[in-house]
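*Asks:* The structure that follows is given in the form of structure tokens.
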Amino acid sequence: MEILHQPVLLAEVLTYLQPAPGQVVVDATVGSGGHSLPIRERIEPGGRLIGIDRDPQALERARARLPERGVTLVRGNFRDLAQILDNLGLAEVDGVLFDFGMSSEQLEYAGRGFSFGREGPLDMRADPDLATTAADLVNTLSEGELTRLFREYGEERWAGRIARSIVTHRRKAPISTTTALAALITASVPAPARAGRIHPASRVFMALRIAVNDELAAIAEGLPAAVHRSKIGGRVVAISYHSLEDRAVKETFRTLAQSCRCPPLLPICQCEGRPLARLLTRKPVTPSPAEVAANPRARSAKLRAAQRV
């Protein structure tokens, strides 16, 4: 049975992005095209959609779903947005959308190794050409390095206990599957921590995924590039799914909205003393109860938006 990813906060994305006929809009995380399809419809006639994704399987799904006319699909990382636009001969665009979440297809296909609920290789690479997998990190990092990774990227309370268990276990045999790691994590935390709404392995799996794909650094590079390459009045919309992502989006937009963005110790302002962006969302926009009921994976989504000035 084909799995079809449900785009999160679709109505809100269209409200804040405001795609209009003739515009050039970038979906920097095109996935299966769930957001791109209605955006593409709204920029006709004469518009152009640029869809970017580092997952070749996602691009195949997007290619099958989106019309050829007016659509350009690019395999790449949104952290390289400026270079991608240069390669396409585009100096400016009218809007950029980022959706930092994993797609349903990635989570449900066991061979990608993103889900602890399905047995598969401990991979977690969004781009299969990346050199390092989650198994590499789990089986080679020291106990201290694993502890820091789980604590900083996963905000995992039991990071030290889990790291210690991993190191002890891998002395006997490498940890190579998602279910093996999930079982080890579950056994490592106190019994009360296993009974919560969130699976004990959730935060560790998230931390490994962030590290494997260097996700936070990509946001730190791609989001400012989107604002810089937007036309005056252009809009940038970002959807995040955990506190680290949301914090990165919030701080980036806030910095770009300041009248002076120079380092504090710089004696003379070199940023022309004017903001590059205006905040469109003082607080994050979250899904309605009806959307969460229809699509539980949307429950942690937060949307923020800014406009180029």
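Each chain of the structure tokens is named A, B, ... in the order shown, its residues numbered from 1; ligands are numbered from 1 in display order.
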Set the distance at 10 Å and use only C-alpha atoms: which residues neighbour Val212 of chain A once local chain neighbours fewer than 3 positions away are removed? I'd like the list as a list in words.

*Replies:* Asp123, Met124, Arg125, Ala126, Asp127, Leu130, Ala131, Thr132, Thr133, Ala134, Ala135, Asp136, Leu137, Met206, Ala207, Leu208, Arg209 and Glu215 of chain A

*Asks:* Using only C-alpha atoms, please write the residues we just selected to a file, as a tab-separated table (two decimals), in the first residue's frame.

*Replies:*
chain	number	residue	atom	x	y	z
A	123	ASP	CA	21.03	4.21	9.07
A	124	MET	CA	19.09	7.51	9.39
A	125	ARG	CA	20.73	9.24	6.41
A	126	ALA	CA	18.36	11.56	4.58
A	127	ASP	CA	20.97	11.64	1.83
A	130	LEU	CA	26.48	10.66	3.33
A	131	ALA	CA	29.44	8.75	4.72
A	132	THR	CA	28.35	8.36	8.35
A	133	THR	CA	25.34	6.36	9.54
A	134	ALA	CA	23.69	6.22	12.95
A	135	ALA	CA	25.29	2.80	13.45
A	136	ASP	CA	28.71	4.38	12.96
A	137	LEU	CA	28.02	6.90	15.72
A	206	MET	CA	16.10	12.20	17.21
A	207	ALA	CA	19.57	13.09	18.47
A	208	LEU	CA	21.21	10.54	16.20
A	209	ARG	CA	19.21	11.73	13.20
A	215	GLU	CA	20.44	19.32	10.65

*Asks:* Within segment 56-304 of chain A, find each residue whose DSSP state, derived from the backbone, is strand (DSSP E), and express the selection as a list in words.

*Replies:*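 Of segment 56-304 of chain A, the ones in strand (DSSP E) are Val71, Thr72, Leu73, Val74, Arg75, Val93, Asp94, Gly95, Val96, Leu97, Phe98, Asp99, Ser230, Lys231, Ile232, Gly233, Gly234, Arg235, Val236, Val237, Ala238, Ile239, Ser240, Ala277, Arg278, Leu279, Lys302, Leu303 and Arg304 of chain A.
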
*Asks:* Give me the residues within 9 Å of Arg61 of chain A as an MDAnalysis selection string, counting only C-alpha atoms and dropping any in the same chain fewer than 6 places off.

*Replies:* chainID A and resid 31:33

*Asks:* List the neighbours of Phe253 of chain A out to 12 Å using only C-alpha atoms; skip same-chain residues closer than 6 positions along the sequence, and give me the result as a tab-separated table (two decimals) with N, CA and C atoms, in the first residue's frame.

*Replies:*
chain	number	residue	atom	x	y	z
A	219	ILE	N	20.11	24.41	9.08
A	219	ILE	CA	19.15	25.48	9.35
A	219	ILE	C	19.88	26.82	9.51
A	220	ALA	N	20.98	26.80	10.25
A	220	ALA	CA	21.74	28.03	10.51
A	220	ALA	C	22.29	28.65	9.22
A	223	LEU	N	18.47	29.12	6.37
A	223	LEU	CA	17.42	30.09	6.68
A	223	LEU	C	17.86	31.53	6.40
A	224	PRO	N	19.04	31.97	6.84
A	224	PRO	CA	19.46	33.33	6.49
A	224	PRO	C	19.60	33.52	4.98
A	225	ALA	N	20.08	32.49	4.28
A	225	ALA	CA	20.21	32.59	2.83
A	225	ALA	C	18.86	32.82	2.18
A	226	ALA	N	17.81	32.17	2.72
A	226	ALA	CA	16.47	32.35	2.16
A	226	ALA	C	16.00	33.79	2.30
A	227	VAL	N	16.26	34.38	3.45
A	227	VAL	CA	15.86	35.78	3.65
A	227	VAL	C	16.67	36.70	2.74
A	228	HIS	N	17.97	36.49	2.67
A	228	HIS	CA	18.83	37.34	1.84
A	228	HIS	C	18.44	37.27	0.36
A	235	ARG	N	8.48	36.31	1.33
A	235	ARG	CA	8.20	35.69	2.62
A	235	ARG	C	8.94	34.36	2.78
A	236	VAL	N	9.38	34.10	4.01
A	236	VAL	CA	10.04	32.85	4.36
A	236	VAL	C	9.25	32.21	5.49
A	237	VAL	N	8.86	30.96	5.27
A	237	VAL	CA	8.06	30.22	6.25
A	237	VAL	C	8.83	28.97	6.65
A	238	ALA	N	8.90	28.69	7.94
A	238	ALA	CA	9.63	27.52	8.43
A	238	ALA	C	8.78	26.76	9.44
A	246	ASP	N	13.07	24.85	16.53
A	246	ASP	CA	12.28	26.06	16.71
A	246	ASP	C	13.13	27.20	17.27
A	247	ARG	N	14.03	26.86	18.18
A	247	ARG	CA	14.91	27.89	18.74
A	247	ARG	C	15.81	28.49	17.66
A	261	ARG	N	22.79	44.15	13.14
A	261	ARG	CA	23.10	42.73	13.31
A	261	ARG	C	24.59	42.47	13.47
A	275	PRO	N	17.00	46.58	9.48
A	275	PRO	CA	16.63	45.16	9.50
A	275	PRO	C	16.49	44.59	8.09
A	276	LEU	N	16.68	43.30	7.98
A	276	LEU	CA	16.46	42.61	6.72
A	276	LEU	C	15.10	41.95	6.67
A	277	ALA	N	14.48	41.77	7.82
A	277	ALA	CA	13.22	41.04	7.86
A	277	ALA	C	12.27	41.64	8.89
A	278	ARG	N	11.00	41.35	8.70
A	278	ARG	CA	9.95	41.71	9.66
A	278	ARG	C	9.27	40.43	10.10
A	279	LEU	N	9.14	40.29	11.41
A	279	LEU	CA	8.52	39.08	11.93
A	279	LEU	C	7.02	39.10	11.63
A	280	LEU	N	6.53	38.01	11.06
A	280	LEU	CA	5.10	37.87	10.80
A	280	LEU	C	4.40	37.07	11.89
A	281	THR	N	5.19	36.35	12.68
A	281	THR	CA	4.65	35.52	13.76
A	281	THR	C	5.42	35.81	15.04
A	282	ARG	N	4.81	36.54	15.95
A	282	ARG	CA	5.47	36.81	17.23
A	282	ARG	C	5.58	35.54	18.07
A	283	LYS	N	4.59	34.68	17.93
A	283	LYS	CA	4.60	33.38	18.58
A	283	LYS	C	4.40	32.32	17.50
A	284	PRO	N	4.88	31.11	17.75
A	284	PRO	CA	4.72	30.08	16.72
A	284	PRO	C	3.26	29.70	16.50
A	304	ARG	N	6.81	29.42	11.96
A	304	ARG	CA	7.21	30.82	12.09
A	304	ARG	C	7.44	31.39	10.70
A	305	ALA	N	7.21	32.70	10.55
A	305	ALA	CA	7.34	33.33	9.24
A	305	ALA	C	7.93	34.71	9.38
A	306	ALA	N	8.63	35.13	8.34
A	306	ALA	CA	9.23	36.47	8.29
A	306	ALA	C	9.11	37.01	6.87
A	307	GLN	N	9.13	38.33	6.75
A	307	GLN	CA	9.02	38.98	5.46
A	307	GLN	C	10.24	39.85	5.20
A	308	ARG	N	10.78	39.77	4.02
A	308	ARG	CA	11.95	40.60	3.63
A	308	ARG	C	11.54	42.04	3.53

*Asks:* Could you check which of A:Pro19, A:Gly95, A:Gly47, A:Pro38 is closest to Ser230 of chain A, using only C-alpha atoms?

*Replies:*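 Of A:Pro19, A:Gly95, A:Gly47, A:Pro38, the one nearest Ser230 of chain A, counting only C-alpha atoms, is A:Gly95.
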
*Asks:* Rank A:Ser188, A:Asn139, A:Gly89, A:Gly144 by their smallest atom-to-atom distance to Arg161 of chain A, using only C-alpha atoms, and report the top residue only.

*Replies:*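 Distance minimum relative to Arg161 of chain A lands on A:Ser188.
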
*Asks:* Atom CA of Ala58 of chain A and atom CA of Gly222 of chain A are how many Å apart?

*Replies:* 19.3 Å

*Asks:* How far is it from atom CA of Leu97 of chain A to atom CA of Leu10 of chain A, in Å with one decimal?

*Replies:*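 Interatomic distance, atom CA of Leu97 of chain A to atom CA of Leu10 of chain A: 11.2 Å.
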
*Asks:* Have a look at A:Ser300, A:Ser259, A:Gln83, A:Thr286 and name the one nearest to Glu12 of chain A; count only C-alpha atoms.

*Replies:*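 That would be A:Thr286, the residue with the smallest distance to Glu12 of chain A.
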
*Asks:* Do you have the atom CA of Phe116 of chain A-atom CA of Thr178 of chain A distance handy?

*Replies:*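 Those two atoms sit 5.2 Å apart.
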
*Asks:* Select from segment 60-240 of chain A everything DSSP, run on the backbone, classes as helix (DSSP H, G or I), then give the selection as a PyMOL selection string.

*Replies:* chain A and resi 60-65+78-87+104-108+110-112+134-140+143-154+159-170+178-188+191-194+202-213+215-228

*Asks:* Measuring atom to atom with only C-alpha atoms, identify which of A:Thr29, A:Val189, A:Arg254, A:Arg297 is nearest to Phe100 of chain A.

*Replies:*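 Ranked by minimum distance to Phe100 of chain A, first place goes to A:Thr29.
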
*Asks:* I want to know what sits within 9 Å of segment 181-184 of chain A, based on only C-alpha atoms, with residues of the same chain fewer than 4 positions away left out; could you give that as a ChimeraX atom specification?

*Replies:* /A:116-117,122,138,162,165-166,169,175-177,188,200-202,204-205

*Asks:* Could you list, as number ranges by chain, every residue within 8 Å of Gly101 of chain A, counting only C-alpha atoms and ignoring same-chain residues fewer than 6 positions away?

*Replies:* A: 239-241

*Asks:* Which is closer to Ser115 of chain A than all the others in A:Arg203, A:Ala173, A:Gly51, A:Leu66, using only C-alpha atoms?

*Replies:* A:Arg203

*Asks:* Which is closest to Lys250 of chain A among A:Arg157, A:Lys302, A:Arg63, A:Arg151, if we use only C-alpha atoms?

*Replies:* A:Lys302
